[in-house]
Amino acid sequence: MSSHRQAERPITILMVEDNPGDVRLTIEALKENAIDHALYVAKDGIEALAFLRHEGAFANAPQPDLILLDINLPRKNGLEVLEVIKTDPASKHIPVVVLTTSSSEDDIRRAYDRHANCYITKPIDVWEFFDVVKSIKEFWQRIAQLPPSGNETLITG
Amino acid sequence: MGSQDNNVLIVDDDLTIQDLLRDCLASLDIQLTFSARGKQALELIASGAFQVVVLDLMLPEMSGIEILRRLEGRLPGTEIIVLTGYASVRNAVEALRFGAYDYIVKPFHVNDIRAVVKRALEKQRLEARLNAIHAFSREMTLALSVAQIGEAVLDIIGRMLDAEESRLWLLNDTRTALYPLVTRGTPLDAAFKLPLNAAGNVAVAAVAQSERFYIPDLAADAAYTPITPATRSELAVPLTVKSVVIGALNVASSAADAFGPNDVALLSTLAAQVAVTLENARLFEQAQREIAERVAAEQALAKKAAELERSNDELRQFAYIISHDLQEPLRVVGSYTQLLAQRYEGQLDEEADEFIAYVVDGAKRMQAMIKGLLAYTQVGIKGKDLEPVDAQAILERALSGLQVAIQESQVKIESARLPTVMADDLQLSQVFQNLVSNAIRFQPPPADDAHAPPHVHISASRQGSEWLFAVHDNGIGFDPKHSERIFEIFQRLHTQTEYPGTGIGLAVCKKIIERHNGRIWAESEPGNGATFYFTLPAVSE
């Protein structure tokens, strides 16, 4: 396992989430699952888009490998952000996991209509949540064999 | 009847005869017009202005027979009496064929001519009256309102009777007084009333006796006092519908004995017609009022239903949003207390561990309740249309969802072959799941050796247009006095430590079954198990 881990580089994750409790919980889950990661947080939809476009304070922001996107966000909600990400050639290849409290069928359908790669309802139980984050890691490892970003070659485990 | 309708035309070129006729008809209340020439006479007769024409057959320019022929039969409003010499009675017969009313042979007796003219006038008068009554009848069939009818009847009375005053009286609702619906002559106050117990009024007498009532000379009869002091004679006819008096027609004149048998008959005819028409109009107005009231009531009900529907919708939405949005912070609370418990157990003191355990438990229960509440609010929102579904297959699906609980409790589940019913399959599955899981949960503690192993039996029987389902268990049962309460949301009969639960399962069942137009209830005795019954619509054949 450790030899594989050395071959991996940290996953760069952009988490779009306004609740610091959830952010911290995600960090705990990443730690718990021993995921080597660089986590960036955008507190609302506007900030998320600025991050992806390297605007203003985010001029030096890296391109994330994975976006964790909440739906209920201030200023610009997750579905709007998703639509922008998935129609912009510069960002549409980035896997987006919609991670939200909503289990509404409408939200699920709308998310997939806007080309979400995955829709996950935040589990109520913390251990289930940790399992979800673990599965996201696995999900990313599988999906990351797809187009390399820039001239880097991604090696998967 | 007014004298304006007594126009008599004398057509004779013999001035002696003209004078003679003028003299002998002078005692009649008529207007005489004379003509001596055929052509002029024809024009005058054709104008229709004369009720009676005395026509000499021998005329210059045009003979009487020729005039009759030119008139092509009789004019409806004119009676023609021909005068003929003794030698030419044949002409008179021909004249009758052309529509003449009668003939008089010259030389004639004064009384004869007077009698014939009088009779012709009377005939015209009666015919005019008949025509007026026909016209009135037609008007009555078209009249829609009580007021219109009253005006129409007083109009015709005004045209046909020599009455200075005429009134249509109606009995009030309590049948204690007459009030004037319409009045001609001396105006009456809108609030004017004739109490039925008051003596001395002709209309009251007619109503009280249900009989026409005529006082030819009030001056000679101290028992009756007219409304207008100048009145000398007064006639009243009751208005009767199916032998119930509803009012009276009443005419008065300042002349003594102004109303003859013809007038009484006419007023009676009018009264009969008016009574029926008034009753029809009253029924019609009543029906219209009732229809209007019903329409208004229906509209009010529809409005109320719409408001209720809207507020219900709002409430549902509200409950849904609340329960949905409450999940978010609660999930954070729950997650962190779970983390806290896991990572710090034993590191603080014992009390802290206990407190944390309560927080974890409380958060978990609240999460379960909110989840249940969400399910409860979604029954109405997410329900599908009812369609024929196989209850057997649905029960099996529900049981497979309970597999773990069934294995753990070692419950024995049996079911009769269940029918196809009209239902929302997901919701019916939910009902089975909730009822069976209750049956499994509410069993005596395992330590109770005396108790038989847990057992659940599900069956259904046809009851008219419904199927009655029964889910029977041999569990702990409940006191029948709680049999309503258990279906209310968040109502529980046990502590969390005895039998954990949210108190939502049966409320959800009730809501689902009611959405299916069914009923749900339970029968039990403490310690003797419980049977939950519910009905669902059968598939109509």
# chains A, B, ... in the order shown; residues from 1 in each chain; ligands from 1
>>> interface_residues(of="chain A", to="chain B", cutoff="9 Å", atoms="only C-alpha atoms", output="PDB file with all heavy atoms, in the first residue's frame")
ATOM      1  N   GLY A  21     -18.362  23.614   9.938  1.00  0.00           N
ATOM      2  CA  GLY A  21     -18.471  22.307  10.601  1.00  0.00           C
ATOM      3  C   GLY A  21     -18.320  21.175   9.596  1.00  0.00           C
ATOM      4  O   GLY A  21     -17.649  20.179   9.856  1.00  0.00           O
ATOM      5  N   ASP A  22     -18.940  21.357   8.441  1.00  0.00           N
ATOM      6  CA  ASP A  22     -18.849  20.336   7.403  1.00  0.00           C
ATOM      7  C   ASP A  22     -17.446  20.286   6.807  1.00  0.00           C
ATOM      8  O   ASP A  22     -16.952  19.216   6.446  1.00  0.00           O
ATOM      9  CB  ASP A  22     -19.886  20.599   6.308  1.00  0.00           C
ATOM     10  CG  ASP A  22     -21.214  19.929   6.629  1.00  0.00           C
ATOM     11  OD1 ASP A  22     -21.184  18.864   7.274  1.00  0.00           O
ATOM     12  OD2 ASP A  22     -22.275  20.474   6.254  1.00  0.00           O
ATOM     13  N   LEU A  25     -15.328  18.480   9.217  1.00  0.00           N
ATOM     14  CA  LEU A  25     -15.700  17.063   9.217  1.00  0.00           C
ATOM     15  C   LEU A  25     -15.076  16.357   8.012  1.00  0.00           C
ATOM     16  O   LEU A  25     -14.613  15.216   8.103  1.00  0.00           O
ATOM     17  CB  LEU A  25     -17.233  16.941   9.169  1.00  0.00           C
ATOM     18  CG  LEU A  25     -17.864  15.775   9.927  1.00  0.00           C
ATOM     19  CD1 LEU A  25     -17.447  15.737  11.382  1.00  0.00           C
ATOM     20  CD2 LEU A  25     -19.388  15.874   9.834  1.00  0.00           C
ATOM     21  N   THR A 101     -26.938  18.025   1.792  1.00  0.00           N
ATOM     22  CA  THR A 101     -27.924  17.465   2.725  1.00  0.00           C
ATOM     23  C   THR A 101     -29.185  17.040   1.978  1.00  0.00           C
ATOM     24  O   THR A 101     -29.922  16.185   2.423  1.00  0.00           O
ATOM     25  CB  THR A 101     -28.357  18.528   3.755  1.00  0.00           C
ATOM     26  OG1 THR A 101     -27.235  19.305   4.074  1.00  0.00           O
ATOM     27  CG2 THR A 101     -28.907  17.874   4.997  1.00  0.00           C
ATOM     28  N   SER A 102     -29.432  17.709   0.850  1.00  0.00           N
ATOM     29  CA  SER A 102     -30.697  17.482   0.161  1.00  0.00           C
ATOM     30  C   SER A 102     -30.782  16.082  -0.418  1.00  0.00           C
ATOM     31  O   SER A 102     -29.884  15.615  -1.090  1.00  0.00           O
ATOM     32  CB  SER A 102     -30.856  18.502  -0.971  1.00  0.00           C
ATOM     33  OG  SER A 102     -31.945  18.136  -1.774  1.00  0.00           O
ATOM     34  N   SER A 103     -31.911  15.424  -0.137  1.00  0.00           N
ATOM     35  CA  SER A 103     -32.142  14.136  -0.791  1.00  0.00           C
ATOM     36  C   SER A 103     -33.322  14.284  -1.738  1.00  0.00           C
ATOM     37  O   SER A 103     -33.953  13.320  -2.130  1.00  0.00           O
ATOM     38  CB  SER A 103     -32.424  13.064   0.265  1.00  0.00           C
ATOM     39  OG  SER A 103     -33.519  13.459   1.055  1.00  0.00           O
ATOM     40  N   LYS A 122     -25.314  13.782   2.144  1.00  0.00           N
ATOM     41  CA  LYS A 122     -24.465  13.683   3.345  1.00  0.00           C
ATOM     42  C   LYS A 122     -25.144  12.760   4.353  1.00  0.00           C
ATOM     43  O   LYS A 122     -26.265  13.030   4.782  1.00  0.00           O
ATOM     44  CB  LYS A 122     -24.282  15.059   3.983  1.00  0.00           C
ATOM     45  CG  LYS A 122     -23.435  16.017   3.172  1.00  0.00           C
ATOM     46  CD  LYS A 122     -23.441  17.411   3.822  1.00  0.00           C
ATOM     47  CE  LYS A 122     -22.765  18.433   2.920  1.00  0.00           C
ATOM     48  NZ  LYS A 122     -22.966  19.805   3.415  1.00  0.00           N
ATOM     49  N   PRO A 123     -24.490  11.692   4.738  1.00  0.00           N
ATOM     50  CA  PRO A 123     -25.131  10.781   5.680  1.00  0.00           C
ATOM     51  C   PRO A 123     -25.238  11.420   7.058  1.00  0.00           C
ATOM     52  O   PRO A 123     -24.420  12.261   7.435  1.00  0.00           O
ATOM     53  CB  PRO A 123     -24.196   9.567   5.716  1.00  0.00           C
ATOM     54  CG  PRO A 123     -23.228   9.765   4.606  1.00  0.00           C
ATOM     55  CD  PRO A 123     -23.157  11.232   4.353  1.00  0.00           C
ATOM     56  N   ILE A 124     -26.237  10.990   7.804  1.00  0.00           N
ATOM     57  CA  ILE A 124     -26.463  11.518   9.134  1.00  0.00           C
ATOM     58  C   ILE A 124     -25.406  10.967  10.103  1.00  0.00           C
ATOM     59  O   ILE A 124     -24.916  11.664  10.971  1.00  0.00           O
ATOM     60  CB  ILE A 124     -27.895  11.135   9.582  1.00  0.00           C
ATOM     61  CG1 ILE A 124     -28.895  12.035   8.845  1.00  0.00           C
ATOM     62  CG2 ILE A 124     -28.062  11.266  11.082  1.00  0.00           C
ATOM     63  CD1 ILE A 124     -30.317  11.575   8.958  1.00  0.00           C
ATOM     64  N   ASP A 125     -25.039   9.727   9.906  1.00  0.00           N
ATOM     65  CA  ASP A 125     -24.074   9.088  10.803  1.00  0.00           C
ATOM     66  C   ASP A 125     -22.652   9.458  10.373  1.00  0.00           C
ATOM     67  O   ASP A 125     -22.304   9.400   9.196  1.00  0.00           O
ATOM     68  CB  ASP A 125     -24.268   7.569  10.735  1.00  0.00           C
ATOM     69  CG  ASP A 125     -23.424   6.867  11.773  1.00  0.00           C
ATOM     70  OD1 ASP A 125     -22.216   6.645  11.509  1.00  0.00           O
ATOM     71  OD2 ASP A 125     -23.989   6.551  12.844  1.00  0.00           O
ATOM     72  N   VAL A 126     -21.829   9.836  11.344  1.00  0.00           N
ATOM     73  CA  VAL A 126     -20.489  10.325  11.027  1.00  0.00           C
ATOM     74  C   VAL A 126     -19.640   9.224  10.385  1.00  0.00           C
ATOM     75  O   VAL A 126     -18.834   9.481   9.504  1.00  0.00           O
ATOM     76  CB  VAL A 126     -19.797  10.935  12.281  1.00  0.00           C
ATOM     77  CG1 VAL A 126     -19.313   9.854  13.225  1.00  0.00           C
ATOM     78  CG2 VAL A 126     -18.668  11.859  11.861  1.00  0.00           C
ATOM     79  N   TRP A 127     -19.835   7.979  10.824  1.00  0.00           N
ATOM     80  CA  TRP A 127     -18.979   6.918  10.250  1.00  0.00           C
ATOM     81  C   TRP A 127     -19.375   6.649   8.808  1.00  0.00           C
ATOM     82  O   TRP A 127     -18.533   6.360   7.971  1.00  0.00           O
ATOM     83  CB  TRP A 127     -19.066   5.624  11.077  1.00  0.00           C
ATOM     84  CG  TRP A 127     -18.984   5.890  12.570  1.00  0.00           C
ATOM     85  CD1 TRP A 127     -19.881   5.526  13.508  1.00  0.00           C
ATOM     86  CD2 TRP A 127     -17.946   6.609  13.245  1.00  0.00           C
ATOM     87  NE1 TRP A 127     -19.487   5.977  14.747  1.00  0.00           N
ATOM     88  CE2 TRP A 127     -18.298   6.648  14.614  1.00  0.00           C
ATOM     89  CE3 TRP A 127     -16.752   7.249  12.843  1.00  0.00           C
ATOM     90  CZ2 TRP A 127     -17.530   7.276  15.574  1.00  0.00           C
ATOM     91  CZ3 TRP A 127     -15.983   7.863  13.803  1.00  0.00           C
ATOM     92  CH2 TRP A 127     -16.359   7.881  15.156  1.00  0.00           C
ATOM     93  N   PHE A 129     -20.399   8.946   6.932  1.00  0.00           N
ATOM     94  CA  PHE A 129     -19.818  10.079   6.199  1.00  0.00           C
ATOM     95  C   PHE A 129     -18.349   9.798   5.863  1.00  0.00           C
ATOM     96  O   PHE A 129     -17.891  10.063   4.754  1.00  0.00           O
ATOM     97  CB  PHE A 129     -19.962  11.362   7.032  1.00  0.00           C
ATOM     98  CG  PHE A 129     -19.412  12.578   6.336  1.00  0.00           C
ATOM     99  CD1 PHE A 129     -20.057  13.126   5.234  1.00  0.00           C
ATOM    100  CD2 PHE A 129     -18.215  13.161   6.762  1.00  0.00           C
ATOM    101  CE1 PHE A 129     -19.541  14.236   4.592  1.00  0.00           C
ATOM    102  CE2 PHE A 129     -17.701  14.277   6.112  1.00  0.00           C
ATOM    103  CZ  PHE A 129     -18.365  14.804   5.027  1.00  0.00           C
TER     104      PHE A 129
END
>>> residues_around(residues="stretch 148-163 of chain B", least_positions_apart="5", cutoff="10 Å", atoms="only C-alpha atoms", output="CSV table (one decimal) with C-alpha atoms, in the first residue's frame")
chain,number,residue,atom,x,y,z
B,1,MET,CA,-116.2,50.6,-19.1
B,2,GLY,CA,-115.4,54.0,-20.6
B,3,SER,CA,-117.8,55.6,-23.0
B,125,ARG,CA,-118.2,45.3,-25.3
B,128,ALA,CA,-113.5,43.7,-26.4
B,129,ARG,CA,-113.5,42.4,-22.9
B,132,ALA,CA,-108.6,42.1,-23.3
B,133,ILE,CA,-108.7,39.1,-21.1
B,135,ALA,CA,-104.3,39.7,-24.1
B,136,PHE,CA,-104.0,39.8,-20.3
B,137,SER,CA,-103.6,36.1,-20.1
B,139,GLU,CA,-99.2,39.0,-20.6
B,140,MET,CA,-99.6,36.9,-17.5
B,141,THR,CA,-97.8,33.9,-19.0
B,142,LEU,CA,-94.9,36.3,-19.8
B,143,ALA,CA,-94.9,38.1,-16.5
B,168,LEU,CA,-104.3,44.4,-5.4
B,169,TRP,CA,-104.0,43.2,-1.9
B,180,PRO,CA,-101.3,46.7,-1.1
B,181,LEU,CA,-99.0,45.2,-3.8
B,182,VAL,CA,-100.2,47.8,-6.4
B,183,THR,CA,-102.7,50.7,-6.2
B,184,ARG,CA,-104.5,52.9,-8.6
B,185,GLY,CA,-106.4,55.9,-7.4
B,231,THR,CA,-116.3,55.9,-2.4
B,233,SER,CA,-119.7,51.4,-4.1
B,234,GLU,CA,-116.9,48.9,-3.6
B,235,LEU,CA,-116.2,45.4,-4.8
B,249,LEU,CA,-108.6,42.3,-6.0
B,250,ASN,CA,-110.5,45.4,-5.0
B,251,VAL,CA,-112.2,48.1,-7.0
B,252,ALA,CA,-114.1,51.2,-5.8
B,253,SER,CA,-116.2,53.9,-7.4
B,254,SER,CA,-117.7,57.2,-6.3
B,255,ALA,CA,-120.9,56.2,-8.0
B,258,ALA,CA,-121.1,51.1,-10.2
B,259,PHE,CA,-120.4,47.4,-10.7
B,260,GLY,CA,-122.8,45.1,-12.4
B,262,ASN,CA,-120.5,41.5,-15.7
B,263,ASP,CA,-118.0,43.5,-13.7
B,264,VAL,CA,-118.2,41.0,-10.9
B,266,LEU,CA,-114.8,40.0,-15.0
B,267,LEU,CA,-113.1,40.7,-11.7
B,270,LEU,CA,-109.0,38.3,-13.5
B,271,ALA,CA,-108.7,37.2,-9.9
B,273,GLN,CA,-105.9,34.3,-13.4
B,274,VAL,CA,-103.9,36.6,-11.2
B,275,ALA,CA,-103.9,34.2,-8.3
B,277,THR,CA,-99.9,33.7,-12.0
B,278,LEU,CA,-98.9,35.3,-8.7
B,281,ALA,CA,-94.3,34.0,-9.9
>>> atom_distance(atom1="atom CA of A:Ile120", atom2="atom CA of A:Ile136")
9.6 Å
>>> residues_around(residues="B:Leu395", least_positions_apart="3", cutoff="8 Å", atoms="only C-alpha atoms", output="ChimeraX atom specification")
/B:391-392,398-399,429,432-433
>>> write_last_selection(atoms="N, CA and C atoms", output="PDB file, in the first residue's frame")
ATOM      1  N   ALA B 391     -51.044  -7.020  -3.622  1.00  0.00           N
ATOM      2  CA  ALA B 391     -50.659  -6.801  -2.229  1.00  0.00           C
ATOM      3  C   ALA B 391     -49.694  -7.872  -1.751  1.00  0.00           C
ATOM      4  N   GLN B 392     -49.818  -9.077  -2.325  1.00  0.00           N
ATOM      5  CA  GLN B 392     -48.929 -10.180  -1.945  1.00  0.00           C
ATOM      6  C   GLN B 392     -47.475  -9.824  -2.279  1.00  0.00           C
ATOM      7  N   ALA B 398     -41.887  -5.649   1.255  1.00  0.00           N
ATOM      8  CA  ALA B 398     -41.756  -5.000   2.558  1.00  0.00           C
ATOM      9  C   ALA B 398     -40.971  -5.901   3.517  1.00  0.00           C
ATOM     10  N   LEU B 399     -41.285  -7.211   3.485  1.00  0.00           N
ATOM     11  CA  LEU B 399     -40.617  -8.132   4.408  1.00  0.00           C
ATOM     12  C   LEU B 399     -39.126  -8.245   4.089  1.00  0.00           C
ATOM     13  N   SER B 429     -46.356  -0.645   0.676  1.00  0.00           N
ATOM     14  CA  SER B 429     -45.184  -1.336   1.194  1.00  0.00           C
ATOM     15  C   SER B 429     -44.752  -0.705   2.523  1.00  0.00           C
ATOM     16  N   PHE B 432     -47.122  -1.910   5.313  1.00  0.00           N
ATOM     17  CA  PHE B 432     -46.767  -3.263   5.755  1.00  0.00           C
ATOM     18  C   PHE B 432     -45.500  -3.239   6.602  1.00  0.00           C
ATOM     19  N   GLN B 433     -44.505  -2.481   6.099  1.00  0.00           N
ATOM     20  CA  GLN B 433     -43.231  -2.441   6.804  1.00  0.00           C
ATOM     21  C   GLN B 433     -43.401  -1.893   8.226  1.00  0.00           C
TER      22      GLN B 433
END
>>> select_by_dssp(residues="stretch 32-104 of chain A", states="strand (DSSP E)", output="mmCIF file with all heavy atoms, in the first residue's frame")
data_model
loop_
_atom_site.group_PDB
_atom_site.id
_atom_site.type_symbol
_atom_site.label_atom_id
_atom_site.label_comp_id
_atom_site.auth_asym_id
_atom_site.auth_seq_id
_atom_site.Cartn_x
_atom_site.Cartn_y
_atom_site.Cartn_z
ATOM 1 N N HIS A 37 -3.901 14.895 0.695
ATOM 2 C CA HIS A 37 -4.724 15.858 -0.013
ATOM 3 C C HIS A 37 -4.272 17.290 0.192
ATOM 4 O O HIS A 37 -3.545 17.601 1.137
ATOM 5 C CB HIS A 37 -6.171 15.745 0.484
ATOM 6 C CG HIS A 37 -6.311 16.208 1.910
ATOM 7 N ND1 HIS A 37 -6.080 15.369 2.980
ATOM 8 C CD2 HIS A 37 -6.650 17.416 2.429
ATOM 9 C CE1 HIS A 37 -6.269 16.052 4.103
ATOM 10 N NE2 HIS A 37 -6.598 17.292 3.792
ATOM 11 N N ALA A 38 -4.672 18.138 -0.746
ATOM 12 C CA ALA A 38 -4.565 19.587 -0.542
ATOM 13 C C ALA A 38 -5.987 20.111 -0.679
ATOM 14 O O ALA A 38 -6.585 20.018 -1.751
ATOM 15 C CB ALA A 38 -3.654 20.199 -1.593
ATOM 16 N N LEU A 39 -6.539 20.578 0.425
ATOM 17 C CA LEU A 39 -7.945 20.994 0.403
ATOM 18 C C LEU A 39 -8.063 22.512 0.354
ATOM 19 O O LEU A 39 -7.494 23.215 1.177
ATOM 20 C CB LEU A 39 -8.677 20.453 1.645
ATOM 21 C CG LEU A 39 -10.175 20.736 1.686
ATOM 22 C CD1 LEU A 39 -10.921 19.859 0.700
ATOM 23 C CD2 LEU A 39 -10.731 20.503 3.099
ATOM 24 N N TYR A 40 -8.775 22.984 -0.622
ATOM 25 C CA TYR A 40 -9.071 24.423 -0.718
ATOM 26 C C TYR A 40 -10.570 24.579 -0.509
ATOM 27 O O TYR A 40 -11.357 23.746 -0.937
ATOM 28 C CB TYR A 40 -8.665 24.971 -2.089
ATOM 29 C CG TYR A 40 -7.177 24.890 -2.309
ATOM 30 C CD1 TYR A 40 -6.604 23.715 -2.795
ATOM 31 C CD2 TYR A 40 -6.348 25.983 -2.019
ATOM 32 C CE1 TYR A 40 -5.243 23.621 -2.987
ATOM 33 C CE2 TYR A 40 -4.982 25.897 -2.210
ATOM 34 C CZ TYR A 40 -4.432 24.710 -2.686
ATOM 35 O OH TYR A 40 -3.079 24.622 -2.871
ATOM 36 N N VAL A 41 -10.935 25.674 0.155
ATOM 37 C CA VAL A 41 -12.357 25.862 0.459
ATOM 38 C C VAL A 41 -12.871 27.174 -0.127
ATOM 39 O O VAL A 41 -12.247 28.217 0.050
ATOM 40 C CB VAL A 41 -12.609 25.861 1.985
ATOM 41 C CG1 VAL A 41 -14.087 26.130 2.284
ATOM 42 C CG2 VAL A 41 -12.178 24.529 2.593
ATOM 43 N N ALA A 42 -13.966 27.089 -0.841
ATOM 44 C CA ALA A 42 -14.669 28.304 -1.290
ATOM 45 C C ALA A 42 -15.987 28.361 -0.518
ATOM 46 O O ALA A 42 -16.688 27.365 -0.429
ATOM 47 C CB ALA A 42 -14.932 28.240 -2.791
ATOM 48 N N LEU A 66 -10.527 17.611 -8.129
ATOM 49 C CA LEU A 66 -11.865 17.172 -7.757
ATOM 50 C C LEU A 66 -12.587 18.332 -7.073
ATOM 51 O O LEU A 66 -11.967 19.072 -6.315
ATOM 52 C CB LEU A 66 -11.732 15.993 -6.782
ATOM 53 C CG LEU A 66 -12.999 15.310 -6.295
ATOM 54 C CD1 LEU A 66 -13.624 14.516 -7.419
ATOM 55 C CD2 LEU A 66 -12.679 14.375 -5.124
ATOM 56 N N ILE A 67 -13.833 18.455 -7.382
ATOM 57 C CA ILE A 67 -14.611 19.514 -6.711
ATOM 58 C C ILE A 67 -15.715 18.857 -5.874
ATOM 59 O O ILE A 67 -16.457 18.005 -6.384
ATOM 60 C CB ILE A 67 -15.235 20.485 -7.738
ATOM 61 C CG1 ILE A 67 -14.123 21.207 -8.517
ATOM 62 C CG2 ILE A 67 -16.151 21.498 -7.038
ATOM 63 C CD1 ILE A 67 -14.618 22.006 -9.707
ATOM 64 N N LEU A 68 -15.774 19.198 -4.597
ATOM 65 C CA LEU A 68 -16.891 18.765 -3.740
ATOM 66 C C LEU A 68 -17.839 19.961 -3.626
ATOM 67 O O LEU A 68 -17.457 21.008 -3.116
ATOM 68 C CB LEU A 68 -16.391 18.365 -2.344
ATOM 69 C CG LEU A 68 -15.412 17.195 -2.286
ATOM 70 C CD1 LEU A 68 -15.016 16.916 -0.826
ATOM 71 C CD2 LEU A 68 -16.022 15.948 -2.901
ATOM 72 N N LEU A 69 -19.021 19.803 -4.114
ATOM 73 C CA LEU A 69 -19.914 20.958 -4.266
ATOM 74 C C LEU A 69 -21.209 20.780 -3.470
ATOM 75 O O LEU A 69 -21.950 19.826 -3.691
ATOM 76 C CB LEU A 69 -20.227 21.120 -5.763
ATOM 77 C CG LEU A 69 -21.130 22.276 -6.192
ATOM 78 C CD1 LEU A 69 -20.485 23.622 -5.867
ATOM 79 C CD2 LEU A 69 -21.418 22.180 -7.687
ATOM 80 N N VAL A 96 -16.906 16.556 -10.646
ATOM 81 C CA VAL A 96 -17.642 17.284 -9.609
ATOM 82 C C VAL A 96 -18.518 16.298 -8.830
ATOM 83 O O VAL A 96 -19.337 15.596 -9.415
ATOM 84 C CB VAL A 96 -18.527 18.395 -10.204
ATOM 85 C CG1 VAL A 96 -19.353 19.090 -9.102
ATOM 86 C CG2 VAL A 96 -17.687 19.412 -10.957
ATOM 87 N N VAL A 97 -18.276 16.242 -7.526
ATOM 88 C CA VAL A 97 -19.127 15.426 -6.663
ATOM 89 C C VAL A 97 -20.061 16.379 -5.909
ATOM 90 O O VAL A 97 -19.611 17.235 -5.173
ATOM 91 C CB VAL A 97 -18.291 14.615 -5.661
ATOM 92 C CG1 VAL A 97 -19.212 13.885 -4.672
ATOM 93 C CG2 VAL A 97 -17.387 13.623 -6.392
ATOM 94 N N VAL A 98 -21.343 16.243 -6.172
ATOM 95 C CA VAL A 98 -22.298 17.061 -5.424
ATOM 96 C C VAL A 98 -22.520 16.377 -4.077
ATOM 97 O O VAL A 98 -22.927 15.225 -4.006
ATOM 98 C CB VAL A 98 -23.631 17.213 -6.190
ATOM 99 C CG1 VAL A 98 -24.658 17.947 -5.334
ATOM 100 C CG2 VAL A 98 -23.397 17.946 -7.505
ATOM 101 N N LEU A 99 -22.162 17.089 -3.008
ATOM 102 C CA LEU A 99 -22.245 16.522 -1.664
ATOM 103 C C LEU A 99 -23.131 17.459 -0.841
ATOM 104 O O LEU A 99 -22.749 18.583 -0.540
ATOM 105 C CB LEU A 99 -20.830 16.459 -1.070
ATOM 106 C CG LEU A 99 -20.665 15.759 0.274
ATOM 107 C CD1 LEU A 99 -21.131 14.322 0.208
ATOM 108 C CD2 LEU A 99 -19.201 15.826 0.726
ATOM 109 N N THR A 100 -24.334 16.994 -0.560
ATOM 110 C CA THR A 100 -25.316 17.934 0.004
ATOM 111 C C THR A 100 -26.246 17.241 1.001
ATOM 112 O O THR A 100 -26.326 16.020 1.030
ATOM 113 C CB THR A 100 -26.134 18.577 -1.137
ATOM 114 O OG1 THR A 100 -27.154 19.387 -0.590
ATOM 115 C CG2 THR A 100 -26.794 17.509 -2.007
#
>>> select_by_dssp(residues="stretch 70-126 of chain B", states="helix (DSSP H, G or I)", output="ChimeraX atom specification")
/B:70,86-97,110-126
>>> residues_around(residues="A:Gly45", least_positions_apart="6", cutoff="10 Å", atoms="only C-alpha atoms", output="PDB file with C-alpha atoms, in the first residue's frame")
ATOM      1  CA  VAL A  16     -17.452  24.567  -2.035  1.00  0.00           C
ATOM      2  CA  GLU A  17     -19.137  24.686   1.347  1.00  0.00           C
ATOM      3  CA  ASP A  18     -20.348  27.479   3.614  1.00  0.00           C
ATOM      4  CA  PHE A  51     -10.989  30.210  -7.679  1.00  0.00           C
ATOM      5  CA  LEU A  69     -19.914  20.958  -4.266  1.00  0.00           C
ATOM      6  CA  ASP A  70     -22.720  21.726  -1.851  1.00  0.00           C
ATOM      7  CA  ILE A  71     -26.063  22.856  -3.288  1.00  0.00           C
ATOM      8  CA  ASN A  72     -27.375  25.281  -0.673  1.00  0.00           C
ATOM      9  CA  LEU A  73     -24.844  28.051  -0.930  1.00  0.00           C
ATOM     10  CA  PRO A  74     -25.041  31.802  -0.384  1.00  0.00           C
ATOM     11  CA  ARG A  75     -24.963  34.204  -3.348  1.00  0.00           C
ATOM     12  CA  LYS A  76     -24.811  31.580  -6.109  1.00  0.00           C
ATOM     13  CA  ASN A  77     -26.110  28.123  -5.444  1.00  0.00           C
ATOM     14  CA  GLY A  78     -24.368  24.873  -6.257  1.00  0.00           C
ATOM     15  CA  LEU A  79     -26.511  24.028  -9.278  1.00  0.00           C
ATOM     16  CA  GLU A  80     -25.652  27.364 -10.907  1.00  0.00           C
ATOM     17  CA  VAL A  81     -21.978  26.865 -10.155  1.00  0.00           C
ATOM     18  CA  LEU A  82     -22.185  23.342 -11.594  1.00  0.00           C
TER      19      LEU A  82
END
>>> atom_distance(atom1="atom CA of B:Glu309", atom2="atom CA of B:Ala538")
27.4 Å
>>> atom_distance(atom1="atom CA of B:Glu164", atom2="atom CA of B:Ala248")
16.9 Å
>>> residues_around(residues="A:Pro64", least_positions_apart="3", cutoff="7 Å", atoms="only C-alpha atoms", output="list in words")
Thr12, Ile13, Leu14 and Ile67 of chain A
>>> write_last_selection(atoms="C-alpha atoms", output="mmCIF file, in the first residue's frame")
data_model
loop_
_atom_site.group_PDB
_atom_site.id
_atom_site.type_symbol
_atom_site.label_atom_id
_atom_site.label_comp_id
_atom_site.auth_asym_id
_atom_site.auth_seq_id
_atom_site.Cartn_x
_atom_site.Cartn_y
_atom_site.Cartn_z
ATOM 1 C CA THR A 12 -6.085 18.775 -4.903
ATOM 2 C CA ILE A 13 -9.653 19.228 -3.749
ATOM 3 C CA LEU A 14 -11.818 22.327 -4.017
ATOM 4 C CA ILE A 67 -14.611 19.514 -6.711
#
>>> residues_around(residues="B:Asn201", least_positions_apart="2", cutoff="8 Å", atoms="only C-alpha atoms", output="ChimeraX atom specification")
/B:198-199,203-205,224-226
>>> residues_around(residues="B:Leu15", least_positions_apart="3", cutoff="10 Å", atoms="only C-alpha atoms", output="list of chain:residue names")
B:Asp12, B:Gln18, B:Asp19, B:Leu20, B:Leu21, B:Phe34, B:Ser35, B:Ala36
